[in-house]
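Structure data follow from work37.tsv (TSV, C-alpha atoms and all ligand atoms):
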```
chain	number	residue	atom	x	y	z
L	1	MET	CA	-69.27	-22.05	-104.24
L	2	GLU	CA	-66.19	-24.30	-103.74
L	3	THR	CA	-63.75	-21.76	-105.17
L	4	PHE	CA	-65.32	-19.01	-103.08
L	5	CYS	CA	-65.01	-21.13	-99.90
L	6	GLN	CA	-61.40	-22.00	-100.70
L	7	LYS	CA	-60.39	-18.38	-101.33
L	8	LEU	CA	-62.41	-17.04	-98.36
L	9	PRO	CA	-60.08	-16.08	-95.45
L	10	LYS	CA	-61.09	-18.44	-92.64
L	11	ILE	CA	-60.71	-18.87	-88.88
L	12	GLU	CA	-60.15	-22.38	-87.44
L	13	LEU	CA	-60.90	-22.71	-83.72
L	14	HIS	CA	-61.18	-26.50	-83.25
L	15	ALA	CA	-58.35	-28.56	-84.75
L	16	HIS	CA	-56.58	-31.37	-82.89
L	17	LEU	CA	-52.93	-31.55	-83.94
L	18	ASN	CA	-52.62	-35.33	-84.17
L	19	GLY	CA	-56.00	-35.75	-85.83
L	20	SER	CA	-55.06	-33.13	-88.41
L	21	LEU	CA	-52.05	-34.93	-89.89
L	22	SER	CA	-52.56	-35.39	-93.64
L	23	LYS	CA	-51.57	-38.63	-95.35
L	24	SER	CA	-48.56	-36.89	-96.92
L	25	THR	CA	-47.44	-35.69	-93.49
L	26	LEU	CA	-47.81	-39.20	-92.05
L	27	LYS	CA	-45.62	-40.44	-94.92
L	28	GLN	CA	-43.02	-37.72	-94.18
L	29	LEU	CA	-43.08	-38.87	-90.54
L	30	GLY	CA	-42.19	-42.39	-91.60
L	31	CYS	CA	-45.61	-44.06	-91.26
L	32	SER	CA	-46.00	-47.38	-93.08
L	33	GLU	CA	-48.17	-47.50	-96.23
L	34	GLU	CA	-50.41	-49.99	-94.41
L	35	SER	CA	-51.14	-47.73	-91.42
L	36	ILE	CA	-51.66	-44.72	-93.71
L	37	LYS	CA	-54.04	-46.73	-95.90
L	38	ASN	CA	-56.51	-47.56	-93.15
L	39	TYR	CA	-56.13	-44.13	-91.49
L	40	GLN	CA	-59.24	-42.82	-93.22
L	41	GLU	CA	-60.72	-45.94	-94.73
L	42	THR	CA	-61.95	-47.90	-91.74
L	43	LEU	CA	-64.06	-45.34	-89.90
L	44	THR	CA	-67.36	-46.88	-88.79
L	45	ASP	CA	-68.28	-44.83	-85.73
L	46	ILE	CA	-66.81	-42.67	-82.95
L	47	LYS	CA	-65.23	-45.69	-81.22
L	48	GLN	CA	-63.32	-46.68	-84.35
L	49	VAL	CA	-62.22	-43.07	-84.81
L	50	PHE	CA	-60.49	-43.16	-81.43
L	51	ASN	CA	-58.40	-46.12	-82.54
L	52	GLN	CA	-57.02	-44.08	-85.42
L	53	PHE	CA	-55.29	-41.51	-83.25
L	54	GLN	CA	-52.70	-44.09	-82.21
L	55	VAL	CA	-51.41	-44.08	-85.80
L	56	ALA	CA	-50.68	-40.37	-85.45
L	57	HIS	CA	-49.36	-40.69	-81.89
L	58	ASN	CA	-46.87	-43.36	-82.99
L	59	ALA	CA	-45.68	-40.96	-85.67
L	60	THR	CA	-45.20	-37.96	-83.32
L	61	ASN	CA	-43.41	-39.63	-80.41
L	62	THR	CA	-40.07	-37.82	-80.90
L	63	LEU	CA	-39.18	-34.14	-80.62
L	64	GLU	CA	-38.16	-33.99	-84.29
L	65	ASN	CA	-41.32	-35.62	-85.60
L	66	LEU	CA	-43.59	-33.57	-83.30
L	67	ASN	CA	-41.90	-30.40	-84.54
L	68	LEU	CA	-42.26	-31.44	-88.19
L	69	ALA	CA	-45.89	-32.53	-87.69
L	70	THR	CA	-46.80	-29.16	-86.16
L	71	LYS	CA	-45.22	-27.24	-89.04
L	72	CYS	CA	-46.92	-29.44	-91.67
L	73	VAL	CA	-50.36	-28.99	-90.09
L	74	ILE	CA	-49.94	-25.19	-89.91
L	75	GLU	CA	-48.79	-25.19	-93.54
L	76	ASP	CA	-51.87	-27.21	-94.56
L	77	PHE	CA	-54.19	-24.67	-92.92
L	78	ALA	CA	-52.30	-21.70	-94.41
L	79	LYS	CA	-52.64	-23.25	-97.90
L	80	ASP	CA	-56.39	-23.55	-97.25
L	81	ASN	CA	-56.48	-19.77	-96.61
L	82	VAL	CA	-56.96	-20.10	-92.87
L	83	ILE	CA	-55.58	-16.79	-91.58
L	84	TYR	CA	-56.12	-17.50	-87.87
L	85	LEU	CA	-55.66	-20.96	-86.31
L	86	GLU	CA	-56.13	-22.12	-82.73
L	87	LEU	CA	-54.38	-25.48	-82.76
L	88	ARG	CA	-55.05	-27.83	-79.85
L	89	THR	CA	-53.14	-30.84	-78.62
L	90	THR	CA	-52.93	-33.14	-75.59
L	91	PRO	CA	-49.54	-32.95	-73.85
L	92	ARG	CA	-48.23	-36.49	-73.41
L	93	SER	CA	-44.95	-38.06	-72.30
L	94	GLU	CA	-43.13	-40.58	-74.47
L	95	LYS	CA	-39.88	-42.52	-74.09
L	96	ASP	CA	-37.56	-39.51	-74.34
L	97	LEU	CA	-40.16	-36.76	-74.19
L	98	SER	CA	-41.76	-35.28	-71.05
L	99	GLU	CA	-45.11	-33.46	-71.14
L	100	ARG	CA	-43.23	-30.17	-70.77
L	101	ASP	CA	-40.92	-31.10	-73.68
L	102	TYR	CA	-44.06	-31.92	-75.68
L	103	ILE	CA	-45.62	-28.51	-75.03
L	104	GLU	CA	-42.38	-26.58	-75.63
L	105	THR	CA	-41.72	-28.47	-78.87
L	106	VAL	CA	-45.15	-27.52	-80.24
L	107	VAL	CA	-44.71	-23.91	-79.04
L	108	GLU	CA	-41.28	-23.63	-80.70
L	109	ALA	CA	-42.61	-25.12	-83.96
L	110	ILE	CA	-45.39	-22.52	-83.97
L	111	ARG	CA	-42.93	-19.74	-83.20
L	112	ASN	CA	-40.47	-20.86	-85.90
L	113	TYR	CA	-43.31	-20.99	-88.41
L	114	GLU	CA	-43.76	-17.19	-88.07
L	115	SER	CA	-45.50	-16.14	-91.26
L	116	SER	CA	-47.56	-13.11	-92.31
L	117	LYS	CA	-50.13	-15.51	-93.80
L	118	ILE	CA	-51.45	-17.04	-90.60
L	119	ILE	CA	-51.68	-16.26	-86.89
L	120	VAL	CA	-51.39	-19.43	-84.76
L	121	LYS	CA	-52.33	-19.86	-81.09
L	122	LEU	CA	-52.19	-22.95	-78.89
L	123	ILE	CA	-54.88	-24.57	-76.77
L	124	LEU	CA	-53.72	-27.47	-74.62
L	125	SER	CA	-56.04	-30.41	-73.99
L	126	LEU	CA	-56.80	-32.38	-70.86
L	127	ASP	CA	-57.73	-35.95	-71.78
L	128	ARG	CA	-60.94	-36.86	-69.96
L	129	ARG	CA	-59.87	-40.50	-69.83
L	130	ARG	CA	-57.01	-39.65	-67.51
L	131	SER	CA	-57.28	-39.57	-63.71
L	132	TRP	CA	-57.86	-36.37	-61.72
L	133	LYS	CA	-54.19	-36.39	-60.61
L	134	GLU	CA	-52.87	-36.87	-64.16
L	135	GLN	CA	-55.06	-34.08	-65.48
L	136	LEU	CA	-54.02	-31.83	-62.57
L	137	ASP	CA	-50.33	-32.46	-63.27
L	138	THR	CA	-50.86	-31.62	-66.95
L	139	LEU	CA	-52.78	-28.48	-66.01
L	140	ASP	CA	-49.96	-27.36	-63.68
L	141	ASN	CA	-47.51	-27.74	-66.58
L	142	ILE	CA	-49.83	-25.72	-68.83
L	143	ILE	CA	-50.27	-22.94	-66.25
L	144	ASP	CA	-46.51	-22.77	-65.74
L	145	LEU	CA	-45.69	-22.64	-69.45
L	146	LYS	CA	-48.44	-20.10	-70.11
L	147	GLN	CA	-46.38	-17.67	-67.98
L	148	LYS	CA	-43.44	-18.35	-70.32
L	149	TYR	CA	-45.43	-18.13	-73.57
L	150	PRO	CA	-48.41	-15.82	-72.79
L	151	ASP	CA	-48.71	-14.74	-76.44
L	152	LEU	CA	-49.13	-18.34	-77.64
L	153	ILE	CA	-50.67	-20.55	-74.94
L	154	LYS	CA	-54.22	-19.20	-74.72
L	155	GLY	CA	-56.55	-21.91	-73.46
L	156	VAL	CA	-57.38	-25.35	-72.12
L	157	ASP	CA	-59.62	-27.93	-73.81
L	158	LEU	CA	-61.32	-31.01	-72.45
L	159	SER	CA	-61.35	-33.79	-75.02
L	160	GLY	CA	-60.91	-37.54	-75.37
L	161	ASP	CA	-63.42	-40.35	-75.86
L	162	PRO	CA	-66.69	-38.78	-74.62
L	163	GLY	CA	-67.88	-42.23	-73.52
L	164	LYS	CA	-65.10	-42.45	-70.93
L	165	GLY	CA	-63.82	-40.45	-67.99
L	166	GLU	CA	-65.31	-37.19	-66.76
L	167	PHE	CA	-65.34	-33.40	-66.60
L	168	PHE	CA	-63.59	-32.17	-63.47
L	169	LYS	CA	-65.04	-28.69	-63.00
L	170	LYS	CA	-62.49	-27.70	-60.35
L	171	LEU	CA	-59.64	-28.15	-62.85
L	172	PHE	CA	-61.25	-25.75	-65.31
L	173	GLU	CA	-61.98	-23.26	-62.54
L	174	LYS	CA	-58.25	-23.41	-61.72
L	175	ALA	CA	-57.41	-22.91	-65.41
L	176	ARG	CA	-59.69	-19.88	-65.58
L	177	ASP	CA	-58.27	-18.46	-62.33
L	178	ASN	CA	-54.84	-18.64	-63.99
L	179	GLY	CA	-55.85	-16.59	-67.02
L	180	LEU	CA	-56.55	-19.46	-69.41
L	181	LYS	CA	-59.57	-19.49	-71.71
L	182	THR	CA	-61.67	-22.68	-71.79
L	183	ALA	CA	-63.00	-24.60	-74.80
L	184	ILE	CA	-64.73	-27.80	-73.71
L	185	HIS	CA	-66.03	-30.76	-75.78
L	186	CYS	CA	-69.61	-30.75	-74.59
L	187	GLY	CA	-72.55	-32.96	-75.51
L	188	GLU	CA	-70.71	-34.73	-78.30
L	189	ILE	CA	-72.76	-37.74	-77.22
L	190	LYS	CA	-75.81	-37.81	-74.91
L	191	ASN	CA	-74.81	-37.06	-71.31
L	192	ASP	CA	-77.38	-34.64	-69.82
L	193	ASN	CA	-75.88	-34.43	-66.32
L	194	GLU	CA	-72.41	-33.65	-67.62
L	195	VAL	CA	-73.75	-31.15	-70.18
L	196	MET	CA	-75.61	-29.28	-67.41
L	197	ASP	CA	-72.45	-29.33	-65.29
L	198	ILE	CA	-70.39	-27.88	-68.15
L	199	LEU	CA	-73.03	-25.22	-68.92
L	200	ASP	CA	-73.06	-24.26	-65.22
L	201	PHE	CA	-69.29	-23.69	-65.53
L	202	LYS	CA	-69.88	-21.41	-68.56
L	203	PRO	CA	-66.82	-22.22	-70.72
L	204	ASP	CA	-65.71	-19.60	-73.26
L	205	ARG	CA	-66.58	-22.00	-76.06
L	206	ILE	CA	-68.24	-25.41	-76.53
L	207	GLY	CA	-66.89	-28.11	-78.87
L	208	HIS	CA	-69.56	-29.90	-80.94
L	209	GLY	CA	-72.63	-29.17	-78.77
L	210	THR	CA	-74.37	-31.99	-80.62
L	211	CYS	CA	-76.70	-33.23	-77.85
L	212	LEU	CA	-78.10	-29.95	-76.53
L	213	HIS	CA	-81.35	-29.51	-78.47
L	214	PRO	CA	-84.14	-32.02	-77.64
L	215	ASP	CA	-84.41	-33.05	-81.30
L	216	TYR	CA	-80.73	-34.11	-81.28
L	217	GLY	CA	-80.45	-36.04	-78.03
L	218	GLY	CA	-80.50	-33.11	-75.58
L	219	SER	CA	-83.45	-31.91	-73.49
L	220	GLU	CA	-85.75	-28.90	-73.26
L	221	GLU	CA	-84.04	-27.89	-69.99
L	222	ILE	CA	-80.56	-28.04	-71.55
L	223	TRP	CA	-81.61	-26.20	-74.68
L	224	GLN	CA	-83.29	-23.41	-72.68
L	225	LYS	CA	-80.18	-23.03	-70.55
L	226	TYR	CA	-77.91	-23.07	-73.61
L	227	GLN	CA	-80.03	-20.48	-75.47
L	228	HIS	CA	-79.81	-18.20	-72.45
L	229	LEU	CA	-76.00	-18.53	-72.21
L	230	LYS	CA	-75.33	-18.26	-75.97
L	231	ILE	CA	-71.85	-19.83	-75.64
L	232	PRO	CA	-70.22	-20.02	-79.11
L	233	ILE	CA	-70.20	-23.58	-80.48
L	234	GLU	CA	-67.36	-24.99	-82.61
L	235	CYS	CA	-69.35	-26.93	-85.22
L	236	CYS	CA	-67.54	-29.90	-86.77
L	237	LEU	CA	-70.02	-31.12	-89.41
L	238	THR	CA	-67.99	-33.86	-91.13
L	239	SER	CA	-66.58	-35.10	-87.82
L	240	ASN	CA	-70.10	-35.52	-86.44
L	241	VAL	CA	-71.42	-37.24	-89.60
L	242	VAL	CA	-68.43	-39.66	-89.83
L	243	CYS	CA	-68.66	-40.42	-86.09
L	244	LEU	CA	-72.40	-40.98	-86.49
L	245	THR	CA	-73.13	-38.46	-83.72
L	246	SER	CA	-75.14	-36.58	-86.39
L	247	LYS	CA	-77.37	-38.53	-88.79
L	248	SER	CA	-76.44	-36.44	-91.85
L	249	TYR	CA	-75.40	-32.97	-92.93
L	250	GLU	CA	-79.07	-32.14	-93.58
L	251	GLU	CA	-79.99	-33.20	-90.05
L	252	HIS	CA	-77.02	-31.58	-88.31
L	253	HIS	CA	-77.85	-29.51	-85.22
L	254	VAL	CA	-76.16	-26.48	-86.85
L	255	LYS	CA	-79.63	-26.06	-88.39
L	256	GLU	CA	-80.92	-24.93	-84.97
L	257	LEU	CA	-78.02	-22.50	-84.54
L	258	LEU	CA	-78.69	-20.95	-87.94
L	259	LYS	CA	-82.45	-20.77	-87.27
L	260	ASN	CA	-82.00	-19.11	-83.86
L	261	SER	CA	-79.01	-16.91	-84.87
L	262	LEU	CA	-76.88	-18.53	-82.17
L	263	PRO	CA	-73.09	-18.02	-82.25
L	264	PHE	CA	-71.02	-20.72	-83.91
L	265	SER	CA	-67.83	-21.21	-85.89
L	266	LEU	CA	-67.13	-23.95	-88.44
L	267	ALA	CA	-64.24	-26.29	-87.66
L	268	THR	CA	-62.48	-29.39	-88.99
L	269	ASP	CA	-61.82	-31.20	-85.66
L	270	ASP	CA	-59.46	-33.78	-87.25
L	271	LYS	CA	-58.96	-32.89	-90.93
L	272	GLY	CA	-56.57	-35.85	-91.42
L	273	VAL	CA	-58.79	-38.54	-89.95
L	274	PHE	CA	-61.94	-37.12	-91.58
L	275	ASN	CA	-60.24	-36.26	-94.87
L	276	THR	CA	-61.66	-32.75	-94.92
L	277	THR	CA	-60.55	-29.10	-95.00
L	278	LEU	CA	-62.12	-25.97	-93.53
L	279	SER	CA	-62.96	-24.90	-97.10
L	280	LYS	CA	-64.89	-28.15	-97.56
L	281	GLU	CA	-66.77	-27.56	-94.29
L	282	PHE	CA	-67.84	-24.11	-95.53
L	283	THR	CA	-68.86	-25.58	-98.90
L	284	VAL	CA	-70.92	-28.33	-97.26
L	285	LEU	CA	-72.64	-25.85	-94.96
L	286	GLY	CA	-73.41	-23.45	-97.80
L	287	GLN	CA	-74.75	-26.14	-100.13
L	288	THR	CA	-76.70	-28.07	-97.46
L	289	PHE	CA	-78.51	-25.03	-96.05
L	290	SER	CA	-78.57	-22.88	-99.23
L	291	LEU	CA	-76.55	-20.11	-97.67
L	292	SER	CA	-75.38	-17.12	-99.69
L	293	LYS	CA	-71.71	-16.22	-100.11
L	294	ASN	CA	-72.41	-13.27	-97.84
L	295	ASP	CA	-73.81	-15.61	-95.16
L	296	LEU	CA	-70.60	-17.66	-95.33
L	297	TRP	CA	-68.44	-14.54	-95.24
L	298	ASN	CA	-70.33	-13.42	-92.12
L	299	ILE	CA	-69.84	-16.82	-90.43
L	300	SER	CA	-66.12	-16.56	-91.06
L	301	ARG	CA	-65.92	-12.95	-89.94
L	302	ASN	CA	-67.94	-13.57	-86.73
L	303	SER	CA	-65.68	-16.49	-85.77
L	304	ILE	CA	-62.85	-14.13	-84.83
L	305	ASP	CA	-65.16	-12.63	-82.17
L	306	TYR	CA	-65.23	-16.08	-80.48
L	307	SER	CA	-61.46	-16.56	-80.69
L	308	PHE	CA	-58.89	-16.29	-77.90
L	309	ALA	CA	-56.90	-13.69	-79.87
L	310	ASP	CA	-56.18	-10.33	-78.24
L	311	GLU	CA	-58.16	-7.26	-79.33
L	312	GLU	CA	-55.43	-6.00	-81.66
L	313	GLU	CA	-55.22	-9.38	-83.45
L	314	LYS	CA	-59.02	-9.50	-83.71
L	315	GLY	CA	-59.01	-6.04	-85.27
L	316	PHE	CA	-56.35	-7.13	-87.76
L	317	ILE	CA	-58.31	-10.24	-88.78
L	318	ARG	CA	-61.59	-8.28	-89.11
L	319	PHE	CA	-59.79	-5.74	-91.32
L	320	ALA	CA	-58.31	-8.52	-93.48
L	321	LEU	CA	-61.78	-10.00	-94.03
L	322	GLU	CA	-63.35	-6.61	-94.81
L	323	GLN	CA	-60.56	-5.84	-97.30
L	324	TRP	CA	-60.95	-9.25	-98.94
L	325	LYS	CA	-64.67	-8.59	-99.38
L	326	ILE	CA	-64.05	-5.20	-100.98
L	327	ARG	CA	-61.45	-6.68	-103.36
L	328	ASN	CA	-63.58	-9.70	-104.29
L	329	ILE	CA	-67.16	-8.52	-104.33
L	330	GLU	CA	-66.95	-8.09	-108.10
L	331	ASN	CA	-65.44	-11.57	-108.66
L	332	TYR	CA	-68.39	-13.49	-107.25
L	333	PRO	CA	-71.92	-12.88	-108.48
L	334	ASN	CA	-74.47	-12.37	-105.70
L	335	PHE	CA	-71.76	-12.09	-103.06
E	1	LIG	C1	-63.84	-36.88	-83.06
E	1	LIG	N1	-64.18	-36.22	-81.85
E	1	LIG	C2	-63.34	-36.04	-80.78
E	1	LIG	N2	-63.91	-35.99	-79.57
E	1	LIG	C3	-63.13	-35.87	-78.46
E	1	LIG	N3	-61.78	-35.81	-78.49
E	1	LIG	C4	-61.19	-35.86	-79.71
E	1	LIG	C5	-61.94	-35.93	-80.92
E	1	LIG	N4	-61.05	-35.92	-81.95
E	1	LIG	C6	-59.81	-35.84	-81.42
E	1	LIG	N5	-59.91	-35.80	-80.07
E	1	LIG	C7	-58.79	-35.77	-79.11
E	1	LIG	O1	-57.61	-35.30	-79.78
E	1	LIG	C8	-56.57	-36.29	-79.66
E	1	LIG	C9	-55.71	-36.30	-80.90
E	1	LIG	O2	-55.02	-35.07	-81.01
E	1	LIG	P1	-53.83	-34.66	-79.99
E	1	LIG	O3	-53.10	-35.93	-79.62
E	1	LIG	O4	-54.52	-34.02	-78.83
E	1	LIG	O5	-52.97	-33.73	-80.78
E	1	LIG	C10	-57.32	-37.61	-79.50
E	1	LIG	O6	-56.48	-38.56	-78.87
E	1	LIG	C11	-58.50	-37.20	-78.61
E	1	LIG	O7	-58.10	-37.15	-77.26
E	2	ZN	ZN	-62.60	-32.20	-81.09
```
In structure tokens, write the structure found in this file.
Ligand SMILES: CNc1ncnc2c1ncn2[C@@H]1O[C@H](COP(=O)(O)O)[C@@H](O)[C@H]1O
Ligand SMILES: [Zn+2]
Amino acid sequence: METFCQKLPKIELHAHLNGSLSKSTLKQLGCSEESIKNYQETLTDIKQVFNQFQVAHNATNTLENLNLATKCVIEDFAKDNVIYLELRTTPRSEKDLSERDYIETVVEAIRNYESSKIIVKLILSLDRRRSWKEQLDTLDNIIDLKQKYPDLIKGVDLSGDPGKGEFFKKLFEKARDNGLKTAIHCGEIKNDNEVMDILDFKPDRIGHGTCLHPDYGGSEEIWQKYQHLKIPIECCLTSNVVCLTSKSYEEHHVKELLKNSLPFSLATDDKGVFNTTLSKEFTVLGQTFSLSKNDLWNISRNSIDYSFADEEEKGFIRFALEQWKIRNIENYPNF
């Protein structure tokens, strides 16, 4: 199963740049042994996880390091046979780095990575902990730079500590009105009013969607509404289990999505912090819920339908997966 999941061409739709830095990348960026050591070792719950991102942020606070970090993360995903990656990151200003410089540096790093092995798109994040004005200023930068890089800047995310700040619907309506897709962290922790507000907005995708079903901290009303909307969910199994927002893999809410044939993709969220890979996420899902190799291939193939790629790119990725299946059906019994 592990080899199959590693070789399987995969689509990653929920990966935060600074949470995806591997230990070797942090070392290349000049991080101290001490800070690298506790990067993955001291995770107790979602609060502790949010402390870890500062390690990565300290390492990517210059143009050069941000450029190198972006290339290393793309390389990591390409080596894991991810053939389509929507990388997301929160524009931030540093000493000698404006938010616009931040965005353009990540865009240029993606452009310079040009490779036939992987297609990379960019989603830019609004941090929910920031004020309305700060998020609006960031959104205006994103809208402006989307005009300059329409092939790369595809969407806006809402992320940040789900226990702080809020979802400003008007900002995401403005993003949508300006041609940006929306992928919103929703129901990562219990927050029924906000979840209903986000579902009313109908984002293109939902991140986590942990607390939707009544058995997982949601409510009957939310679950009914969600089942009607069928918004694809980016499922981050290891992230949820490490953050304790899911009790275990066996009791992960993805069980309800599988049971009700609801649309979802598998994602790593922060492969560096959670010491995982997309291949591992597929392996865990397959082993935990006794899925066949064909089930896993279908999950990967369907993910491109939920992506922000254009129709031609989607066709290319579907073809690549179909061809891989034809070439490999003999190599794996009961594929
Ligand atoms: C674990 N669950 C999560 N829930 C919500 N937001 C998260 C997250 N994991 C990461 N982020 C968001 O991504 C940022 C780091 O990458 P970038 O600096 O944007 O590249 C974190 O600061 C947080 O805002
Ligand atoms: Zn996330």
| CA of Leu124 in chain L and CA of Ile222 in chain L, how far apart in Å? | 27.0 Å
| ligand ZN 2 (chain E) neighbours within 7 Å using all atoms listed in the file, as a list of chain:residue names |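 Checking all atoms listed in the file against ligand ZN 2 (chain E) at 7 Å gives L:His14, L:Ala15, L:His16, L:Ser159, L:His185, L:Gly207, L:Asp269.
If all atoms listed in the file are the atoms counted, then among L:Val82, L:Leu171, L:Met196, L:Ile326 the closest residue to Ile11 in chain L is L:Val82.
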| query | Expressed in Å to a single decimal, how great is the separation between CA of Asp144 in chain L and CA of Leu66 in chain L? | reply |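 Atom-to-atom, CA of Asp144 in chain L to CA of Leu66 in chain L, that is 20.8 Å.
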| Got a sec to check which residues lie within 7 Å of ligand LIG 1 (chain E), using only C-alpha atoms and all ligand atoms, and send them as a PyMOL selection string? | chain L and resi 16-19+46+49-50+53+57+88-90+125+127+159-162+185+239+243+269-270
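Between CA of Ser22 in chain L and CA of Glu99 in chain L lies a distance of 23.8 Å.
For the residues L:Ser116, L:Asn61, L:Ser248, L:Thr210, ranking by smallest atom-to-atom distance to Tyr102 in chain L using all atoms listed in the file places L:Asn61 first.
The nearest approach to Gln40 in chain L among the residues L:Ile143, L:Leu68, L:Ala267, L:Val242, with only C-alpha atoms taken into account, belongs to L:Val242.
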| query | Using all atoms listed in the file, which residue out of L:Ala78, L:Ile110, L:Glu166, L:Met1 lies closest to Arg129 in chain L? | reply | L:Glu166
| Of the candidates L:Ala69, L:Cys5, L:Leu285, L:Ile317, which shows the shortest atom-to-atom distance to Ser20 in chain L, using all atoms listed in the file? |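 Among L:Ala69, L:Cys5, L:Leu285, L:Ile317, it is L:Ala69 that comes nearest to Ser20 in chain L.
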| field | Nearest-residue call for Tyr84 in chain L, choices L:Thr70, L:Ser307, L:Ser261, L:Gln135, using all atoms listed in the file | value |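 Ranking L:Thr70, L:Ser307, L:Ser261, L:Gln135 by distance to Tyr84 in chain L, first place goes to L:Ser307.
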Counting all atoms listed in the file, give me one row per residue of range 71-142 of chain L with an atom at most 12 Å from an atom of range 294-306 of chain L, showing the shortest contact pair and its distance in Å to one decimal, sorted by chain then residue number, as a Markdown table.
```
| residue | atom | partner | partner_atom | distance |
| --- | --- | --- | --- | --- |
| L:Asn81 | CA | L:Ser300 | CA | 11.6 |
| L:Val82 | CA | L:Ser300 | CA | 10.0 |
| L:Ile83 | CA | L:Ile304 | CA | 10.3 |
| L:Tyr84 | CA | L:Ile304 | CA | 8.1 |
| L:Leu85 | CA | L:Ile304 | CA | 10.0 |
| L:Glu86 | CA | L:Ile304 | CA | 10.6 |
| L:Ile119 | CA | L:Ile304 | CA | 11.6 |
```
Those same residues - C-alpha atoms - I'd like them written as a short mmCIF file (atom, residue, chain, number, x, y, z; two decimals), in the coordinates of the input.
```cif
data_model
loop_
_atom_site.label_atom_id
_atom_site.label_comp_id
_atom_site.auth_asym_id
_atom_site.auth_seq_id
_atom_site.Cartn_x
_atom_site.Cartn_y
_atom_site.Cartn_z
CA ASN L 81 -56.48 -19.77 -96.61
CA VAL L 82 -56.96 -20.10 -92.87
CA ILE L 83 -55.58 -16.79 -91.58
CA TYR L 84 -56.12 -17.50 -87.87
CA LEU L 85 -55.66 -20.96 -86.31
CA GLU L 86 -56.13 -22.12 -82.73
CA ILE L 119 -51.68 -16.26 -86.89
#
```
| request: Could you give me, as a ChimeraX atom specification, the residues that sit within 10 Å of (-52.9, -28.2, -94.0) in the file's coordinates, counting all atoms listed in the file? | output: /L:20-22,25,70-82,271-272,276-278
Determine, counting only C-alpha atoms, which protein, DNA and RNA residues have an atom within 9 Å of an atom of range 226-236 of chain L; residues of the same chain fewer than 2 positions away are not included. Present the result as a short mmCIF file (atom, residue, chain, number, x, y, z; two decimals) with C-alpha atoms, in the coordinates of the input.
```cif
data_model
loop_
_atom_site.label_atom_id
_atom_site.label_comp_id
_atom_site.auth_asym_id
_atom_site.auth_seq_id
_atom_site.Cartn_x
_atom_site.Cartn_y
_atom_site.Cartn_z
CA LEU L 13 -60.90 -22.71 -83.72
CA HIS L 14 -61.18 -26.50 -83.25
CA ALA L 183 -63.00 -24.60 -74.80
CA LEU L 199 -73.03 -25.22 -68.92
CA LYS L 202 -69.88 -21.41 -68.56
CA PRO L 203 -66.82 -22.22 -70.72
CA ASP L 204 -65.71 -19.60 -73.26
CA ARG L 205 -66.58 -22.00 -76.06
CA ILE L 206 -68.24 -25.41 -76.53
CA GLY L 207 -66.89 -28.11 -78.87
CA HIS L 208 -69.56 -29.90 -80.94
CA GLY L 209 -72.63 -29.17 -78.77
CA THR L 210 -74.37 -31.99 -80.62
CA LEU L 212 -78.10 -29.95 -76.53
CA HIS L 213 -81.35 -29.51 -78.47
CA GLU L 221 -84.04 -27.89 -69.99
CA ILE L 222 -80.56 -28.04 -71.55
CA TRP L 223 -81.61 -26.20 -74.68
CA GLN L 224 -83.29 -23.41 -72.68
CA THR L 238 -67.99 -33.86 -91.13
CA SER L 239 -66.58 -35.10 -87.82
CA ASN L 240 -70.10 -35.52 -86.44
CA VAL L 241 -71.42 -37.24 -89.60
CA HIS L 253 -77.85 -29.51 -85.22
CA VAL L 254 -76.16 -26.48 -86.85
CA LEU L 257 -78.02 -22.50 -84.54
CA ASN L 260 -82.00 -19.11 -83.86
CA LEU L 262 -76.88 -18.53 -82.17
CA PRO L 263 -73.09 -18.02 -82.25
CA PHE L 264 -71.02 -20.72 -83.91
CA SER L 265 -67.83 -21.21 -85.89
CA LEU L 266 -67.13 -23.95 -88.44
CA ALA L 267 -64.24 -26.29 -87.66
CA THR L 268 -62.48 -29.39 -88.99
CA ASP L 269 -61.82 -31.20 -85.66
CA ASP L 270 -59.46 -33.78 -87.25
CA GLU L 281 -66.77 -27.56 -94.29
CA SER L 303 -65.68 -16.49 -85.77
CA TYR L 306 -65.23 -16.08 -80.48
#
```
Using all atoms listed in the file, collect all residues at a distance of at most 8 Å from (-51.7, -19.0, -69.6) as written in the file, then present them as a CSV table (one decimal) with C-alpha atoms, in the coordinates of the input.
```csv
chain,number,residue,atom,x,y,z
L,142,ILE,CA,-49.8,-25.7,-68.8
L,143,ILE,CA,-50.3,-22.9,-66.2
L,144,ASP,CA,-46.5,-22.8,-65.7
L,145,LEU,CA,-45.7,-22.6,-69.4
L,146,LYS,CA,-48.4,-20.1,-70.1
L,147,GLN,CA,-46.4,-17.7,-68.0
L,149,TYR,CA,-45.4,-18.1,-73.6
L,150,PRO,CA,-48.4,-15.8,-72.8
L,153,ILE,CA,-50.7,-20.6,-74.9
L,154,LYS,CA,-54.2,-19.2,-74.7
L,155,GLY,CA,-56.6,-21.9,-73.5
L,178,ASN,CA,-54.8,-18.6,-64.0
L,179,GLY,CA,-55.8,-16.6,-67.0
L,180,LEU,CA,-56.6,-19.5,-69.4
```
